[in-house]
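Accompanying notes for the structure given below.
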Amino acid sequence: MNYKDTLNLPKTAFPMKANLVKKEPEMLERWESIDLYKLIRQSSKGRKRFHLHDGPPYANGHIHMGTAFNKVLKDIIIKSRQMAGFDAPYVPGWDCHGLPIEHRVDGELGARKKEMSQAEIRGFCRRYAEKYIDIQRNEFKRLGVLGEWDNPYLTMNYPYEATIVREFGKFALNGSLVRSKKPIYWCISCKTALAEAEVEYDEHSSPSIFVKFPMISDLDQLAPVLKGKQVSMIIWTTTPWTIPANLAIALHPGLKYAAVETGDNEVMILAEGLLDLCMDTFGIETYEVLKLFKAAELENLEARHPLYDRPSKIVLAPYVTLEAGTGCVHTAPGHGREDYETGLKYHLETYSPVDDLGCFTPDVEYFAGMEVFEANEAVKDKLSEVDALIKEEEITHEYPHCWRCKKPVIFRSTKQWFISMEKNDLRKNALDAIRKVSWIPSWGEERIFKMIANRPDWCVSRQRSWGVPITVFFCNECDEPVITQEIIDHVSNMVEQSGADIWFTKSEKELVPPGTRCPNCGADRFRKETDILDVWFDSGVSYAAVMENREYLDSPADLYLEGSDQHRGWFHSSLLCSVGTRKEAPYKGVLTHGFVVDGAGKAMHKSSGNVIAPEELIKSYGAEILRLWVAGEDYRDNIRLSKEILQRLTEAYRRIRNTCRYLLGNLNDFDWETDQVPYTEMEELDRWALNQLQGLNGRVLKAYKDFNFHLVYHNLHNFCVLDLSSFYLDIIKDRLYTSPKKSAARRSAQSVMHEILETLVRLMAPVLSFTADEIWQYMTGKERPLSVHADLFLPLNEEYRDTELAERWEGIISVRKEVTKVLEIARKEKRIGHSLDASVELGLSSELAEKLAPYVDQLRSIFIVSSVDLAEIDQVEGGFESETVPGLKVKASPSSDPKCERCWIHDPSVGDDKNHPNTCKRCRNVLDEIMH
RNA sequence: GGGCCUAUAGCUCAGUCUCGGUUAGAGCGCACGCCUGAUAAGCGUGAGGUCGUUGGUUCAAUUCCAACUAGGCCCA
């Protein structure tokens with residue numbers, strides 16, 4: 001007789017092989033067909049809301065690993081909060097306006113662009129953005145991210161654009177908006193001002209020149225020794241073209257400056273600490289220090305500009321260093337931020353005689369009309385001609401470049417619109433608001449605090465086409481800016497109807513509300529501002545356009561979640577917009593994650609060749625593995641990604657999947673409603689398993705709550721491996737397989753397996769969204785929602801907790817560990833193969849014997865051996881004395897009993913019955929029961 | 001150059017912060033073996049760590065402090 005047929009072996013159609021790459025799209029189709037997102041929304045109506053407000057990715061190009069990571073992390077949070085009992089809607093968004101798209105469109109249009117209107121160009125930009133929104137939407141959905149994909153928010157939607165106009169209007173009307181000349185980054189190729197975020201630093205070769213500025217002020221009093229000598233301040237600069245705009249020379253207030261005679265009656269003044277280095281650079285071998293000045297002694301004295309007949313004031317500034325140059329810093333307030341601030345302090349003009357194209361204005365003697373980078377050479381020549389150039393060379397250094405065209409940018413002063421950080425206490429209020437937000441990790445608070453504390457006014461104007469216009473008019477008569485509530489209302493309503501294009505297509509007459517007159521001079525003819533708003537303002541008001549606007553959303557949101565770069569990006573602009581108009585932050589919590597780096601911890605760059613695209617990862621591993629990676633990595637630090645990591649994750653995935661498959665297989669004949677065994681009637685081992693399950697459930701639920709997803713992953717995996725696979729499931733195999741189908745012993749184990757599976761499938765769902773739902777389809781018994789994602793986590797079940805029991809089993813498990821060690825030794829010696837070949841003899845101290853006494857009958861199955869005999873420790877001869885469990889001696893030997901062909905246990909009862917000569921008594925009883 | 005952050009086995013993470021103190025844990029991977037009734041599965045045993053480096057505080061530091069190195073983000 002083939003006894004295998006009399007066993008209850010696991011049976012399930014749930015495939016062992018995941019085949020994720022093929023199966024995931026099928027699951028996605030299923031989610032579409034049952035309209036899963038809507039189903040979840042309906043099922044959670046009226047629950048407490050949880051709002052994670054999506055930071056809009058830029059609608060340009062395919063998604064990369066960072067965007068994929070970010071979206072999946074959000075999805076895990078949404079799903080876990082949803083399953084924790086919240087109503088957690090998710091409205092994804094896209095950032096649509098801005099330079100990058102305009103540049104791409106520029107490139108595609110080429111020369112045609114010149115014949116096109118601004119509105120036509122904007123049309124191309126809009127279509128470009130739409131194209132990539134579609135692409136990215138599909139890519140995000142492919143990752144298993146659930147959300148309101150058919151109604152996302154787009155910063156270029158007309159109502160959104162209208163919101164931008166209205167929020168901008170609030171700043172304009174409350175006096176925060178100021179127009180002033182300030183040095184800003186300017187790309188002479190793109191002809192636009194650039195935000196700090198729009199420049200990137202790269203190697204650049206610049207001329208490095210040392211220039212003499214002869215002293216005008218008389219130093220005779222201060223230093224009689226200099227009387228009658230040709231004294232000059234020596235400056236160093238790497239931007240010769242800014243020399244024509246020089247208005248000052250900055251010294252460090254704490255440094256000493258040396259007056260050095262270099263021969264021919266010439267005296268140079270430069271920092272004492274750089275003296276030798278400079279002399280060496282200049283090739284001057286003999287020189288003599290005549291006098292040391294404190295910087296303060298020279299403050300407010302004047303040198304003469306080397307080219308023009310005007311003074312250059314000596315000023316003090318803390319940023320002067322001895323890193324390079326002479327310690328005397330050439331200062332052009334119109335061409336540098338620090339220079340500008342120093343200029344303000346000393347009441348110098350913000351002089352910036354350079355036009356939009358980067359050419360000197362006509363009033364600049366010698367260089368009028370020259371492009372600044374080209375003028376470097378001319379400036380050097382002229383300086384040389386007047387004998388002011390001491391030394392020139394080329395140096396390579398980090399220099400700001402335009403983030404789009406990659407060309408070097410300049411600092412130039414133009415009239416721009418700024419949101420003042422001080423006028424309405426924006427800085428102070430923002431700093432206060434930061435303190436009320438929960439920052440995860442906590443250091444995010446310090447980071448953004450310092451940024452807000454130190455940032456300059458926010459330059460919100462851009463000289464481009466693809467964006468929301470700054471809806472300000474200027475009076476044709478007096479040139480004063482005109483902005484009123486009526487204008488904002490009028491224009492924003494038009495924008496709401498027809499989009500921001502109307503600013504470019506309609507005339508001033510149509511855009512201005514009828515009857516508008518200049519408040520300054522009473523004129524009624526205006527011209528419109530042509531600048532557009534910084535795109536950071538667009539996304540910065542998303543709380544108003546989305547969270548406040550949709551009735552099923554609330555503001556402030558519970559959580560904003562982006563990469564740590566957004567402390568200066570979206571978290572920052574959103575904070576300023578919201579605090580400036582509502583006096584509070586738009587978020588209650590902010591979570592930041594690190595950046596995706598390669599296996600060695602290095603940033604992913606095209607040039608490094610270490611970039612992994614989400615697409616290829618999905619193609620070879622499946623989105624589920626990507627999701628597991630997102631959960632498994634600690635996002636606070638850099639997030640590493642490598643082949644090895646993916647390989648490890650795949651193994652872990654298989655283990656979790658197989659564990660669930662095994663549970664399904666053993667539950668195939670189990671109906672919870674009719675077959676469940678009450679907790680109190682369960683075997684102790686089964687109750688132990690339920691206790692462990694509660695521990696897991698508690699830990700994982702807490703990990704979800706605290707956003708510690710790597711703990712979710714490790715806990716789930718460890719539970720499957722340690723508690724289940726290698727212990728509980730291994731031990732109960734005998735019971736499950738050999739007992740009668742409907743026996744209490746088997747049903748008890750099945751009841752536990754059922755509870756485990758019900759808990760596991762939910763706990764894994766936010767991370768392993770595809771697999772959990774796949775398992776869900778194979779689960780029977782109760783009536784359940786169409787998808788696990790529409791269900792809730794199981795609450796902690798206090799009945800299943802028994803800490804005393806767990807402690808007792810700690811002891812048993814430690815003994816079991818010793819037994820397996822001894823079995824392994826016997827196996828090495830070829831005395832046994834399978835552990836069931838062995839008989840085990842335990843020598844016990846009286847203390848240990850007492851602990852194990854209640855389990856005498858179970859030890860055999862717990863150890864998965866054929867027999868266990870207990871004896872006093874001294875009476876066991878030979879054997880292995882445990883080091884970790886005091887009072888324990890273990891001896892293993894091959895069982896001398898015959899092996900039961902059915903249950904494979906060696907037992908003396910085998911052979912007692914002629915009808916079943918190769919089975920044990922226990923199995924014969926089962927067989928009898930089955931046969932009748 | 002400045003701000004913020006990170007550094008524990010080949011990989012992913014615990015522990016250290018709020019108590020500094022006996023042989024620093026887990027899983028995976030690896031090596032070796034078992035099983036063939038979870039089977040392109042399952043089980044067992046074992047080898048892997050001067051807790052980034054150097055100083056300091058202390059009777060004692062992976063844990064506290066500082067500097068440095070490497071890496072990341074942001075800024076200049």
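If you're wondering about the labels, chains in the structure tokens are A, B, ... by order shown, residues count from 1 in each chain, ligands from 1 in order shown.
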
DSSP on the backbone: which residues in range 150-191 of chain A end up as helix (DSSP H, G or I)? Give the answer as JSON, numbers by chain. {"A": [158, 159, 160, 161, 162, 163, 164, 165, 166, 167, 168, 169, 170, 171, 172, 173]}

Residues just named, written with N, CA and C atoms as a PDB file, in the first residue's frame:
ATOM      1  N   TYR A 158      -6.121  75.120 -15.496  1.00  0.00           N
ATOM      2  CA  TYR A 158      -6.585  76.515 -15.392  1.00  0.00           C
ATOM      3  C   TYR A 158      -6.935  76.919 -13.955  1.00  0.00           C
ATOM      4  N   PRO A 159      -7.731  76.100 -13.253  1.00  0.00           N
ATOM      5  CA  PRO A 159      -8.058  76.514 -11.870  1.00  0.00           C
ATOM      6  C   PRO A 159      -6.809  76.620 -10.994  1.00  0.00           C
ATOM      7  N   TYR A 160      -5.833  75.734 -11.253  1.00  0.00           N
ATOM      8  CA  TYR A 160      -4.592  75.809 -10.473  1.00  0.00           C
ATOM      9  C   TYR A 160      -3.868  77.111 -10.794  1.00  0.00           C
ATOM     10  N   GLU A 161      -3.805  77.450 -12.086  1.00  0.00           N
ATOM     11  CA  GLU A 161      -3.137  78.691 -12.478  1.00  0.00           C
ATOM     12  C   GLU A 161      -3.836  79.898 -11.842  1.00  0.00           C
ATOM     13  N   ALA A 162      -5.162  79.811 -11.769  1.00  0.00           N
ATOM     14  CA  ALA A 162      -5.923  80.912 -11.148  1.00  0.00           C
ATOM     15  C   ALA A 162      -5.572  81.030  -9.663  1.00  0.00           C
ATOM     16  N   THR A 163      -5.399  79.889  -9.021  1.00  0.00           N
ATOM     17  CA  THR A 163      -4.997  79.911  -7.609  1.00  0.00           C
ATOM     18  C   THR A 163      -3.639  80.582  -7.442  1.00  0.00           C
ATOM     19  N   ILE A 164      -2.734  80.278  -8.355  1.00  0.00           N
ATOM     20  CA  ILE A 164      -1.408  80.886  -8.285  1.00  0.00           C
ATOM     21  C   ILE A 164      -1.530  82.407  -8.354  1.00  0.00           C
ATOM     22  N   VAL A 165      -2.364  82.886  -9.298  1.00  0.00           N
ATOM     23  CA  VAL A 165      -2.558  84.340  -9.447  1.00  0.00           C
ATOM     24  C   VAL A 165      -3.122  84.924  -8.148  1.00  0.00           C
ATOM     25  N   ARG A 166      -4.102  84.222  -7.577  1.00  0.00           N
ATOM     26  CA  ARG A 166      -4.731  84.744  -6.348  1.00  0.00           C
ATOM     27  C   ARG A 166      -3.754  84.748  -5.178  1.00  0.00           C
ATOM     28  N   GLU A 167      -2.991  83.682  -5.021  1.00  0.00           N
ATOM     29  CA  GLU A 167      -2.038  83.616  -3.898  1.00  0.00           C
ATOM     30  C   GLU A 167      -0.937  84.650  -4.088  1.00  0.00           C
ATOM     31  N   PHE A 168      -0.520  84.817  -5.332  1.00  0.00           N
ATOM     32  CA  PHE A 168       0.468  85.857  -5.619  1.00  0.00           C
ATOM     33  C   PHE A 168      -0.116  87.223  -5.254  1.00  0.00           C
ATOM     34  N   GLY A 169      -1.388  87.400  -5.609  1.00  0.00           N
ATOM     35  CA  GLY A 169      -2.065  88.664  -5.304  1.00  0.00           C
ATOM     36  C   GLY A 169      -2.038  88.984  -3.824  1.00  0.00           C
ATOM     37  N   LYS A 170      -2.158  87.968  -2.991  1.00  0.00           N
ATOM     38  CA  LYS A 170      -2.141  88.199  -1.541  1.00  0.00           C
ATOM     39  C   LYS A 170      -0.807  88.809  -1.101  1.00  0.00           C
ATOM     40  N   PHE A 171       0.280  88.275  -1.665  1.00  0.00           N
ATOM     41  CA  PHE A 171       1.591  88.844  -1.327  1.00  0.00           C
ATOM     42  C   PHE A 171       1.708  90.268  -1.861  1.00  0.00           C
ATOM     43  N   ALA A 172       1.207  90.466  -3.094  1.00  0.00           N
ATOM     44  CA  ALA A 172       1.326  91.783  -3.714  1.00  0.00           C
ATOM     45  C   ALA A 172       0.547  92.821  -2.913  1.00  0.00           C
ATOM     46  N   LEU A 173      -0.611  92.421  -2.418  1.00  0.00           N
ATOM     47  CA  LEU A 173      -1.479  93.389  -1.748  1.00  0.00           C
ATOM     48  C   LEU A 173      -1.155  93.571  -0.266  1.00  0.00           C
TER      49      LEU A 173
END

Write out as JSON, numbers by chain each polymer residue whose atoms come within 10 Å of A14 in chain B, counting only C-alpha atoms (C1' of nucleotides); drop sequence neighbours fewer than 2 positions from it. {"A": [711, 714], "B": [8, 25, 26]}

Surrounding residues of Ser507 in chain A excluding itself and chain neighbours under 4 positions, 9 Å, only C-alpha atoms (C1' of nucleotides), as an MDAnalysis selection string: chainID A and resid 502:503 511:512 527:528

Keeping only all heavy atoms, take the residues you just selected and write them out as an mmCIF file, in the first residue's frame.
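What follows is the written file out_4.cif:
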data_model
loop_
_atom_site.group_PDB
_atom_site.id
_atom_site.type_symbol
_atom_site.label_atom_id
_atom_site.label_comp_id
_atom_site.auth_asym_id
_atom_site.auth_seq_id
_atom_site.Cartn_x
_atom_site.Cartn_y
_atom_site.Cartn_z
ATOM 1 N N ILE A 502 -4.231 83.849 -21.486
ATOM 2 C CA ILE A 502 -4.909 85.104 -21.772
ATOM 3 C C ILE A 502 -4.040 86.323 -21.462
ATOM 4 O O ILE A 502 -4.181 87.360 -22.081
ATOM 5 C CB ILE A 502 -6.242 85.240 -20.996
ATOM 6 C CG1 ILE A 502 -6.012 84.975 -19.514
ATOM 7 C CG2 ILE A 502 -7.326 84.347 -21.551
ATOM 8 C CD1 ILE A 502 -6.260 86.148 -18.660
ATOM 9 N N TRP A 503 -3.133 86.176 -20.507
ATOM 10 C CA TRP A 503 -2.235 87.288 -20.196
ATOM 11 C C TRP A 503 -1.385 87.655 -21.412
ATOM 12 O O TRP A 503 -1.008 88.808 -21.610
ATOM 13 C CB TRP A 503 -1.347 86.924 -19.011
ATOM 14 C CG TRP A 503 -0.497 88.062 -18.512
ATOM 15 C CD1 TRP A 503 0.820 88.311 -18.800
ATOM 16 C CD2 TRP A 503 -0.914 89.134 -17.649
ATOM 17 N NE1 TRP A 503 1.253 89.447 -18.170
ATOM 18 C CE2 TRP A 503 0.209 89.979 -17.450
ATOM 19 C CE3 TRP A 503 -2.125 89.453 -17.015
ATOM 20 C CZ2 TRP A 503 0.164 91.110 -16.649
ATOM 21 C CZ3 TRP A 503 -2.163 90.589 -16.221
ATOM 22 C CH2 TRP A 503 -1.036 91.404 -16.047
ATOM 23 N N LEU A 511 -7.528 93.132 -20.108
ATOM 24 C CA LEU A 511 -7.121 92.486 -18.858
ATOM 25 C C LEU A 511 -7.411 93.348 -17.625
ATOM 26 O O LEU A 511 -7.596 92.835 -16.527
ATOM 27 C CB LEU A 511 -5.619 92.160 -18.904
ATOM 28 C CG LEU A 511 -5.223 91.045 -19.885
ATOM 29 C CD1 LEU A 511 -3.717 91.032 -20.095
ATOM 30 C CD2 LEU A 511 -5.722 89.695 -19.411
ATOM 31 N N VAL A 512 -7.412 94.642 -17.835
ATOM 32 C CA VAL A 512 -7.656 95.550 -16.711
ATOM 33 C C VAL A 512 -9.161 95.681 -16.498
ATOM 34 O O VAL A 512 -9.907 95.807 -17.459
ATOM 35 C CB VAL A 512 -7.045 96.934 -17.023
ATOM 36 C CG1 VAL A 512 -7.460 97.948 -15.971
ATOM 37 C CG2 VAL A 512 -5.533 96.834 -17.080
ATOM 38 N N ARG A 527 0.635 99.207 -19.201
ATOM 39 C CA ARG A 527 1.293 98.084 -19.900
ATOM 40 C C ARG A 527 1.452 96.963 -18.884
ATOM 41 O O ARG A 527 1.548 97.210 -17.675
ATOM 42 C CB ARG A 527 2.628 98.513 -20.496
ATOM 43 C CG ARG A 527 3.692 98.825 -19.462
ATOM 44 C CD ARG A 527 4.989 99.321 -20.084
ATOM 45 N NE ARG A 527 5.802 99.985 -19.068
ATOM 46 C CZ ARG A 527 6.603 99.326 -18.206
ATOM 47 N NH1 ARG A 527 6.704 98.028 -18.276
ATOM 48 N NH2 ARG A 527 7.274 100.001 -17.287
ATOM 49 N N LYS A 528 1.458 95.726 -19.396
ATOM 50 C CA LYS A 528 1.519 94.609 -18.456
ATOM 51 C C LYS A 528 2.954 94.151 -18.211
ATOM 52 O O LYS A 528 3.822 94.292 -19.084
ATOM 53 C CB LYS A 528 0.670 93.444 -18.959
ATOM 54 C CG LYS A 528 1.038 92.920 -20.326
ATOM 55 C CD LYS A 528 -0.062 92.031 -20.903
ATOM 56 C CE LYS A 528 0.289 91.606 -22.327
ATOM 57 N NZ LYS A 528 -0.811 90.967 -23.028
#

Expected answer as a ChimeraX atom specification: chain B residues within 10 Å of chain A, only C-alpha atoms (C1' of nucleotides): /B:1,3-6,10-14,26-29,32-35,37-38,40-45,70-76

Output C-alpha atoms (C1' of nucleotides) for every residue in that selection, as a tab-separated table (two decimals), in the first residue's frame.
chain	number	residue	atom	x	y	z
B	1	G	C1'	34.79	76.99	1.99
B	3	G	C1'	25.19	74.09	6.92
B	4	C	C1'	22.81	69.36	7.82
B	5	C	C1'	23.46	64.04	7.82
B	6	U	C1'	25.63	58.95	7.63
B	10	G	C1'	30.10	40.17	1.72
B	11	C	C1'	24.54	42.38	1.69
B	12	U	C1'	20.10	44.37	4.45
B	13	C	C1'	19.26	45.71	9.35
B	14	A	C1'	19.11	45.28	15.33
B	26	A	C1'	19.29	38.46	13.28
B	27	G	C1'	18.27	37.13	8.39
B	28	C	C1'	20.30	36.60	3.67
B	29	G	C1'	24.59	35.06	1.09
B	32	C	C1'	29.74	21.79	4.61
B	33	G	C1'	25.91	18.32	5.37
B	34	C	C1'	20.76	16.23	5.69
B	35	C	C1'	16.06	15.39	3.40
B	37	G	C1'	5.68	14.07	1.92
B	38	A	C1'	6.57	22.87	1.04
B	40	A	C1'	13.60	24.98	-9.40
B	41	A	C1'	11.16	23.82	-2.09
B	42	G	C1'	12.42	22.42	3.26
B	43	C	C1'	15.96	21.45	7.60
B	44	G	C1'	20.74	21.55	10.23
B	45	U	C1'	25.84	22.93	11.45
B	70	A	C1'	34.95	58.40	3.09
B	71	G	C1'	30.08	59.19	1.25
B	72	G	C1'	25.29	61.97	0.62
B	73	C	C1'	22.04	66.37	0.29
B	74	C	C1'	21.95	71.66	0.34
B	75	C	C1'	24.53	76.20	-0.15
B	76	A	C1'	28.88	79.31	-1.53

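Note that CA of Val482 in chain A and CA of Thr581 in chain A are 20.4 Å apart.
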
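Going from CA of Arg412 in chain A over to CA of Glu393 in chain A, you cover 24.6 Å.
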
In Å and to one decimal, CA of Phe770 in chain A is distant from CA of Met27 in chain A by 6.7 Å
